[in-house]
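Note sheet for the following structure.
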Amino acid sequence: MNVNNVMADLERKHPGESEYLQAVREVLESIEEVYNAHPEFEKAKIVERMVEPDRIFTFRVTWVDDAGEIQTNIGYRVQFNSAIGPYKGGLRFHKAVNPSMLKFLGFEQTFKNALTTLPMGGAKGGSDFDPTGKSDAEIMRFCQAFMLELWRNIGVDTDVPAGDVGVGGREIGFLNGMYQKLAREYHTGVLTGKGMTWGGSILRPEATGFGALYFVEHMLAKAGKSLEGKTIALSGFGNVAWGAAKKATELGAKVIAISGPDGVVYNPNGMTDEKINYMLELRASNRNIVAPFAEKFTDATFTPGKKAWSVKCDIALPCAFQNELNEADAKELLANGTWCVAEVSNMGCTPEAIHTFQAAGILFAPGKAVNAGGVATSGLEMTQNCMHISWSGKEVDEKLHFIMESIHEACVRFGQQPDGTINYVKGANIAGFMKVAQAMLEQGII
Ligand code: 2IT
């Protein structure tokens with residue numbers, strides 16, 4: 001395989017799909033050497049088959065808003081790869097959603113799910129529906145209209161969606177209600193991230209953020225450091241940022257910044273339970289702004305138009321959206337003394353930002369390893385649903401701990417560099433790739 005040739009071919013087939021092409025290039029660059037050492041991969045054209053989704057469903061979603069106006073959005077489900085298990089991955093509701101974004105997310109999901117140790121293939125879906133400013137009734141009607149199309153293409157053993165940006169417990173509830181009505185199928189396991197009274201797993205809401213902090217703990221321990229007393233700037237204020245803030249605080253770190261599309265909140269005294277709980281309220285308001293945090297808590301200050309990366313911190317955790325941390329942000333963080341960056345959002349850093357961190361020799365880990373605790377706990381939710389039981393919080397947390405430790409170990413194993421450092425990007429990509437590639441190879445040309 002020659003990365004530039006594969007990429008040229010993909011660019012010709014999918015012009016302008018920038019996020020998708022970025023995600024594929026990143027993985028191919030990391031695996032090129034290992035791939036070329038396995039002629040059987042080349043012979044079976046594993047890369048050429050793996051970079052294209054198995055299939056994409058696209059559908060119109062029409063619904064009526066509170067003013068009685070008819071609204072039309074586009075819905076998608078990208079079923080990327082099922083070599084190691086049924087399709088699994090979240091749904092994103094955001095105005096910028098398009099096929100390129102969902103293909104990048106589905107591609108990443110395939111490797112991430114492989115890292116979790118659980119048998120799950122990769123998928124992603126969503127809509128260009130913008131939840132900002134929508135009422136709960138509008139969100140319900142949209143979710144119902146979305147499921148009216150999607151339901152035929154998903155199932156407990158075929159494809160199990162969950163949440164992502166703009167889709168949380170409330171939306172999963174509305175989606176599940178409509179699925180059951182249409183399919184007349186009452187198995188609890190067709191979606192994950194469900195409520196605790198109807199099949200949800202304890203700790204699933206916290207799992208992405210908790211898992212990320214468990215990963216960071218391992219990464220720091222390997223470098224002879226700990227979280228105790230460290231300052232953390234994180235972006236976003238939604239479900240993922242909430243879980244990360246909660247666990248970081250529990251582990252003795254101080255979360256001194258959160259952010260939104262409107263600006264950054266500097267929070268020099270760190271988080272309290274009240275502040276952490278208020279993040280959930282902010283998200284549920286559907287206003288998509290973080291400024292009210294600094295109105296409610298007077299020891300915090302809000303600066304409009306600034307990112308979390310303008311705050312001096314030890315550790316930076318992107319928790320919001322792809323490419324939210326660029327080269328200029330990376331340089332600002334380094335100038336301020338940041339020595340660890342872990343992507344909690346999917347592809348949170350631009351390739352230039354990653355190169356800047358790697359060239360500076362600071363600790364850096366990619367989203368597909370760091371945030372895999374979310375989908376891993378979805379996998380644990382599926383298991384509980386299939387067994388018709390519920391595990392305790394302690395049981396789920398122990399399993400999550402074990403999974404994050406395994407992912408860290410896999411990154412170390414495949415990312416060990418001759419100079420003794422660990423390239424976590426390479427480690428995660430190679431570990432995920434090897435598992436999916438082997439599974440594809442053994443199952444023939446299909
Ligand atoms: O990006 C992700 O891993 C998720 N949005 C969670 C997917 C899932 O199926 O729980």
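Going through the structure tokens in order, the chains are called A, B, and so on, while each chain numbers its residues from 1 and the ligands are numbered from 1 in the order shown.
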Find the residues near ligand 1. Use a cut-off of 9 Å, count only C-alpha atoms and all ligand atoms, and write them as a CSV table (one decimal) with N, CA and C atoms, in the first residue's frame.
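File produced: selection.csv:
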chain,number,residue,atom,x,y,z
A,87,TYR,N,-23.2,-3.8,13.7
A,87,TYR,CA,-22.9,-2.4,13.6
A,87,TYR,C,-23.3,-1.7,14.9
A,88,LYS,N,-22.4,-0.8,15.4
A,88,LYS,CA,-22.6,-0.1,16.7
A,88,LYS,C,-22.0,1.3,16.6
A,89,GLY,N,-22.8,2.3,17.0
A,89,GLY,CA,-22.3,3.6,17.0
A,89,GLY,C,-23.4,4.6,17.2
A,90,GLY,N,-23.0,5.8,17.5
A,90,GLY,CA,-24.0,6.9,17.9
A,90,GLY,C,-24.7,7.5,16.8
A,91,LEU,N,-25.7,8.4,17.2
A,91,LEU,CA,-26.4,9.3,16.3
A,91,LEU,C,-26.1,10.7,16.7
A,92,ARG,N,-25.8,11.5,15.7
A,92,ARG,CA,-25.4,12.9,15.9
A,92,ARG,C,-26.5,13.8,15.3
A,105,LEU,N,-16.8,9.6,11.2
A,105,LEU,CA,-17.2,9.0,12.5
A,105,LEU,C,-17.4,7.5,12.5
A,106,GLY,N,-18.0,7.0,11.4
A,106,GLY,CA,-18.2,5.6,11.3
A,106,GLY,C,-16.9,4.8,11.1
A,108,GLU,N,-13.9,5.9,12.2
A,108,GLU,CA,-13.2,5.9,13.5
A,108,GLU,C,-13.8,4.9,14.5
A,109,GLN,N,-15.2,4.8,14.4
A,109,GLN,CA,-15.9,4.0,15.3
A,109,GLN,C,-15.5,2.5,15.1
A,112,LYS,N,-12.2,2.1,17.0
A,112,LYS,CA,-12.5,2.3,18.4
A,112,LYS,C,-13.2,1.0,19.0
A,113,ASN,N,-14.2,0.6,18.3
A,113,ASN,CA,-15.0,-0.6,18.8
A,113,ASN,C,-14.1,-1.8,18.9
A,122,GLY,N,-18.6,-1.2,13.3
A,122,GLY,CA,-18.7,0.3,13.4
A,122,GLY,C,-19.8,0.9,12.6
A,123,ALA,N,-20.5,1.9,13.2
A,123,ALA,CA,-21.5,2.6,12.4
A,123,ALA,C,-21.6,4.0,13.0
A,124,LYS,N,-22.3,4.9,12.3
A,124,LYS,CA,-22.7,6.2,12.8
A,124,LYS,C,-23.9,6.7,12.0
A,160,VAL,N,-27.1,-1.3,16.4
A,160,VAL,CA,-27.5,-0.7,17.6
A,160,VAL,C,-27.0,0.7,17.8
A,161,PRO,N,-27.9,1.7,17.5
A,161,PRO,CA,-27.4,3.1,17.6
A,161,PRO,C,-27.5,3.5,19.1
A,162,ALA,N,-26.8,4.7,19.3
A,162,ALA,CA,-26.8,5.3,20.7
A,162,ALA,C,-26.7,6.8,20.5
A,163,GLY,N,-26.3,7.5,21.5
A,163,GLY,CA,-26.2,9.0,21.4
A,163,GLY,C,-24.9,9.4,20.9
A,164,ASP,N,-24.8,10.7,20.6
A,164,ASP,CA,-23.6,11.4,20.3
A,164,ASP,C,-23.9,12.9,20.5
A,165,VAL,N,-23.2,13.8,19.8
A,165,VAL,CA,-23.5,15.2,20.0
A,165,VAL,C,-25.0,15.5,19.7
A,167,VAL,N,-27.6,14.2,20.9
A,167,VAL,CA,-28.5,13.0,21.2
A,167,VAL,C,-28.1,12.5,22.6
A,191,LEU,N,-31.3,0.1,21.2
A,191,LEU,CA,-30.6,1.3,21.3
A,191,LEU,C,-29.8,1.2,22.7
A,192,THR,N,-28.7,2.0,22.8
A,192,THR,CA,-28.1,2.0,24.1
A,192,THR,C,-28.1,3.5,24.6
A,193,GLY,N,-27.8,3.6,25.9
A,193,GLY,CA,-27.9,5.0,26.5
A,193,GLY,C,-29.4,5.2,27.0
A,204,ARG,N,-23.7,4.3,32.1
A,204,ARG,CA,-23.5,4.7,30.7
A,204,ARG,C,-23.4,6.2,30.5
A,208,THR,N,-18.2,7.8,29.0
A,208,THR,CA,-17.2,8.4,28.1
A,208,THR,C,-16.2,9.2,28.9
A,345,SER,N,-13.2,14.2,22.5
A,345,SER,CA,-14.1,14.2,21.4
A,345,SER,C,-13.4,13.4,20.3
A,346,ASN,N,-14.2,13.0,19.3
A,346,ASN,CA,-13.7,12.3,18.1
A,346,ASN,C,-12.9,13.2,17.2
A,367,GLY,N,-8.6,10.3,20.3
A,367,GLY,CA,-10.0,10.0,20.7
A,367,GLY,C,-10.4,8.5,20.7
A,368,LYS,N,-10.0,7.8,19.6
A,368,LYS,CA,-10.5,6.5,19.5
A,368,LYS,C,-10.1,5.6,20.6
A,371,ASN,N,-11.7,8.0,24.3
A,371,ASN,CA,-13.2,8.0,24.5
A,371,ASN,C,-13.9,6.7,24.4
A,372,ALA,N,-13.2,5.6,24.2
A,372,ALA,CA,-13.8,4.3,23.9
A,372,ALA,C,-14.6,3.8,25.1
A,373,GLY,N,-14.5,4.4,26.2
A,373,GLY,CA,-15.3,3.9,27.4
A,373,GLY,C,-16.8,4.1,27.2
A,374,GLY,N,-17.1,5.1,26.4
A,374,GLY,CA,-18.6,5.3,26.1
A,374,GLY,C,-19.2,4.2,25.4
A,375,VAL,N,-18.6,3.8,24.2
A,375,VAL,CA,-19.2,2.7,23.4
A,375,VAL,C,-18.9,1.4,24.1
A,376,ALA,N,-17.9,1.3,24.9
A,376,ALA,CA,-17.6,0.0,25.6
A,376,ALA,C,-18.8,-0.2,26.6
A,377,THR,N,-19.2,0.8,27.3
A,377,THR,CA,-20.3,0.7,28.2
A,377,THR,C,-21.6,0.5,27.5
A,378,SER,N,-21.7,1.0,26.3
A,378,SER,CA,-22.9,0.6,25.5
A,378,SER,C,-22.8,-0.9,25.2
A,379,GLY,N,-21.7,-1.4,24.9
A,379,GLY,CA,-21.5,-2.9,24.7
A,379,GLY,C,-21.9,-3.6,26.0
Surrounding residues of range 390-405 of chain A excluding itself and chain neighbours under 3 positions, 6 Å, only C-alpha atoms, as number ranges by chain: A: 202, 215, 384, 408
Could you save the residues just selected, with N, CA, C and O atoms, as an mmCIF file, in the first residue's frame?
data_model
loop_
_atom_site.group_PDB
_atom_site.id
_atom_site.type_symbol
_atom_site.label_atom_id
_atom_site.label_comp_id
_atom_site.auth_asym_id
_atom_site.auth_seq_id
_atom_site.Cartn_x
_atom_site.Cartn_y
_atom_site.Cartn_z
ATOM 1 N N ILE A 202 -26.427 1.281 34.320
ATOM 2 C CA ILE A 202 -25.810 2.196 35.275
ATOM 3 C C ILE A 202 -24.456 2.601 34.706
ATOM 4 O O ILE A 202 -23.745 1.768 34.111
ATOM 5 N N PHE A 215 -8.225 6.392 31.345
ATOM 6 C CA PHE A 215 -7.144 6.276 30.351
ATOM 7 C C PHE A 215 -6.024 7.264 30.686
ATOM 8 O O PHE A 215 -4.838 6.907 30.692
ATOM 9 N N GLN A 384 -26.096 -6.818 29.093
ATOM 10 C CA GLN A 384 -27.102 -6.899 30.169
ATOM 11 C C GLN A 384 -28.494 -7.085 29.574
ATOM 12 O O GLN A 384 -29.301 -7.868 30.073
ATOM 13 N N HIS A 408 -5.271 0.903 26.964
ATOM 14 C CA HIS A 408 -3.984 1.564 27.202
ATOM 15 C C HIS A 408 -2.829 0.603 26.911
ATOM 16 O O HIS A 408 -1.859 0.968 26.241
#
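When CA of Ala284 in chain A is paired with CA of Gly166 in chain A, their separation reads 10.1 Å.
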DSSP strand (DSSP E) residues within range 71-192 of chain A, as an MDAnalysis selection string: chainID A and resid 71:81 87:93 122:127 159:162
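Among the candidates A:Gly238, A:Gly199, A:Pro268, A:Pro261, the residue lying nearest to Gly168 in chain A is A:Gly238 (atoms considered: only C-alpha atoms).
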